[in-house]
Amino acid sequence: MSQQSLSWLGPLAAFPWLLLLLAGACWLLARVLTQTYTLSEKYRHLRRFPQPPRRNWFLGHLGMVPPTEEGMKELAQLVGTYPQGFITWMGPIIPLVTLCHPDILRSVLNASAAVALKDVIFYSFLKPWLGDGLLLSADDKWSRHRRMLTPAFHFNILKPYVKIFNDSINIMHAKWQRLASGGSARLDMFEQVSLMTLDSLQKCVFSFDSNCQEKPSAYIAAILELSAVVVKRHQQLLLHPDPLFHLTSDGRRFRKACGLVHEFTDAVVRERRRTLSTQGVDNFLQAKTKAKTLDFIDVLLLAKDEDGKELSDEDIRAEADTFMFEGHDTTASGLSWVLYNLARHPEHQERCREEVRELLRGRDTEEIE
Ligand SMILES: *[C@@H]1O[C@H](CO)[C@@H](O)[C@H](O)[C@H]1NC(C)=O
Ligand SMILES: *[C@@H]1O[C@H](CO)[C@@H](O)[C@H](O)[C@H]1NC(C)=O
């Protein structure tokens with residue numbers, strides 16, 4: 001009986017479904033066509049940039065510039081060949097435009113946020129770690145936080161940090177001296193310099209001394225791990241989709257390190273809020289000013305917007321974690337690059353040394369700010 005009624009209903013019942021299916025297929029086709037059109041329009045504009053030969057159609061230029069000395073030489077050569085800028089492909093469809101010449105960079109760096117949009121691919125990998133901090137946030141949230149953070153960059157707040165940088169560098173130098181006198185003269189500079197910048201940042205952001213240059217620190221190791229995983233993910237197309245990434249061991253390492261880093265920041269913020277509420281703002285500020293130790297967490301805790309509203313704990317964590325990442329990675333890269341080039345060009349090294357001597361002549365090194 002039921003079979004009979006089904007077969008009788010069959011063609012009629014299937015009809016609306018067929019229509020719906022057809023409509024769906026048409027919609028999908030239209031979407032694919034418009035998307036393809038917009039993409040090809042974009043690609044047409046991009047064709048104006050010169051392009052080094054691809055490795056193959058699928059990988060594009062992926063993996064051509066590995067994060068090694070070989071990669072740096074490769075990059076230097078690319079910049080020499082295409083001094084204005086060039087385009088490379090991360091896989092078959094993701095273009096990456098690299099601008100080299102200052103005249104071209106200037107117009108991009110000076111463009112408004114509405115014109116020069118933030119990256120969406122690499123930054124999305126950072127999101128679970130850094131949250132909505134200054135690096136990843138946009139529009140109103142970015143502007144509000146940027147204004148609230150302005151006091152953090154005041155000269156009087158930054159000045160005492162020079163002593164912290166100096167201490168961190170002295171630790172690094174002492175370590176090199178020990179290693180060199182033990183006969184081991186080969187060092188991975190980026191590793192060494194990264195530890196030094198992380199050490200400095202942890203002291204300036206949290207007033208926390210983990211002694212990470214001398215002995216392993218789980219927190220610092222987690223930040224280095226997160227940075228390494230994010231870079232690796234960027235270079236491997238298969239790790240781009242979240243569901244795939246989270247199934248891999250890299251995904252598990254990333255989540256674990258993320259948890260550890262968040263826990264550290266949360267604990268510092270909790271503790272500091274407690275101190276602030278027991279001491280009251282005035283006493284808190286007085287004690288900090290006397291000790292010259294207003295760190296980044298303090299500035300964030302005390303920050304207020306135009307309406308007198310403070311930052312939430314989540315906001316503070318995002319900004320602190322963001323500065324730990326942005327502050328260490330960029331400075332370590334820049335310093336390593338400078339050291340690398342000074343080592344390769346002794347005549348420039350000598351000129352820099354002369355300039356520093358000239359500036360410091362007759363001055364006490366304690367006075368350097
Ligand atoms: C940057 O932009 C501002 C405002 O749009 C303009 O006045 C200024 O000349 C620009 N500077 C450079 C170096 O392009
Ligand atoms: C930095 O450290 C060196 C070596 O200990 C010391 O001579 C110098 O006075 C320090 N400078 C500052 C500004 O702390």
# chains A, B, ... in the order shown; residues from 1 in each chain; ligands from 1
$ residues_near_ligand --ligand "ligand 2" --cutoff "10 Å" --atoms "only C-alpha atoms and all ligand atoms" --output "PyMOL selection string"
chain A and resi 159-171+173+364-369
$ residues_around --residues "Asp250 in chain A" --least-positions-apart "3" --cutoff "12 Å" --atoms "only C-alpha atoms" --output "ChimeraX atom specification"
/A:225-233,236,238-240,242,244-247,253-258
$ write_last_selection --atoms "C-alpha atoms" --output "short mmCIF file (atom, residue, chain, number, x, y, z; two decimals), in the first residue's frame"
data_model
loop_
_atom_site.label_atom_id
_atom_site.label_comp_id
_atom_site.auth_asym_id
_atom_site.auth_seq_id
_atom_site.Cartn_x
_atom_site.Cartn_y
_atom_site.Cartn_z
CA GLU A 225 56.30 27.95 18.74
CA LEU A 226 53.21 29.98 17.82
CA SER A 227 55.30 32.23 15.56
CA ALA A 228 56.92 29.24 13.86
CA VAL A 229 53.62 27.40 13.32
CA VAL A 230 51.95 30.47 11.84
CA VAL A 231 54.82 30.96 9.37
CA LYS A 232 54.78 27.27 8.45
CA ARG A 233 51.02 27.35 7.95
CA GLN A 236 51.68 25.20 3.22
CA LEU A 238 47.00 22.27 2.96
CA LEU A 239 47.31 23.86 6.39
CA HIS A 240 45.26 26.92 5.35
CA ASP A 242 40.93 25.58 9.71
CA LEU A 244 42.42 20.51 8.21
CA PHE A 245 44.88 22.52 10.28
CA HIS A 246 43.26 21.57 13.56
CA LEU A 247 43.52 17.87 12.70
CA ARG A 253 50.70 22.36 19.16
CA PHE A 254 49.22 25.71 18.22
CA ARG A 255 46.16 25.30 20.47
CA LYS A 256 48.27 24.14 23.39
CA ALA A 257 50.74 27.03 23.07
CA CYS A 258 47.86 29.48 22.66
#
$ atom_distance --atom1 "CA of Ile220 in chain A" --atom2 "CA of His262 in chain A"
12.2 Å
$ select_by_dssp --residues "range 24-271 of chain A" --states "alpha helix (DSSP H)" --output "count of residues only"
155
$ closest_residue --among "A:Leu19, A:Leu46, A:Leu360, A:Ser112" --to "ligand 1" --atoms "only C-alpha atoms and all ligand atoms"
A:Ser112
$ residues_near_ligand --ligand "ligand 1" --cutoff "8 Å" --atoms "only C-alpha atoms and all ligand atoms" --output "list in words"
Arg106, Ser107, Asn110, Ala111 and Ser112 of chain A
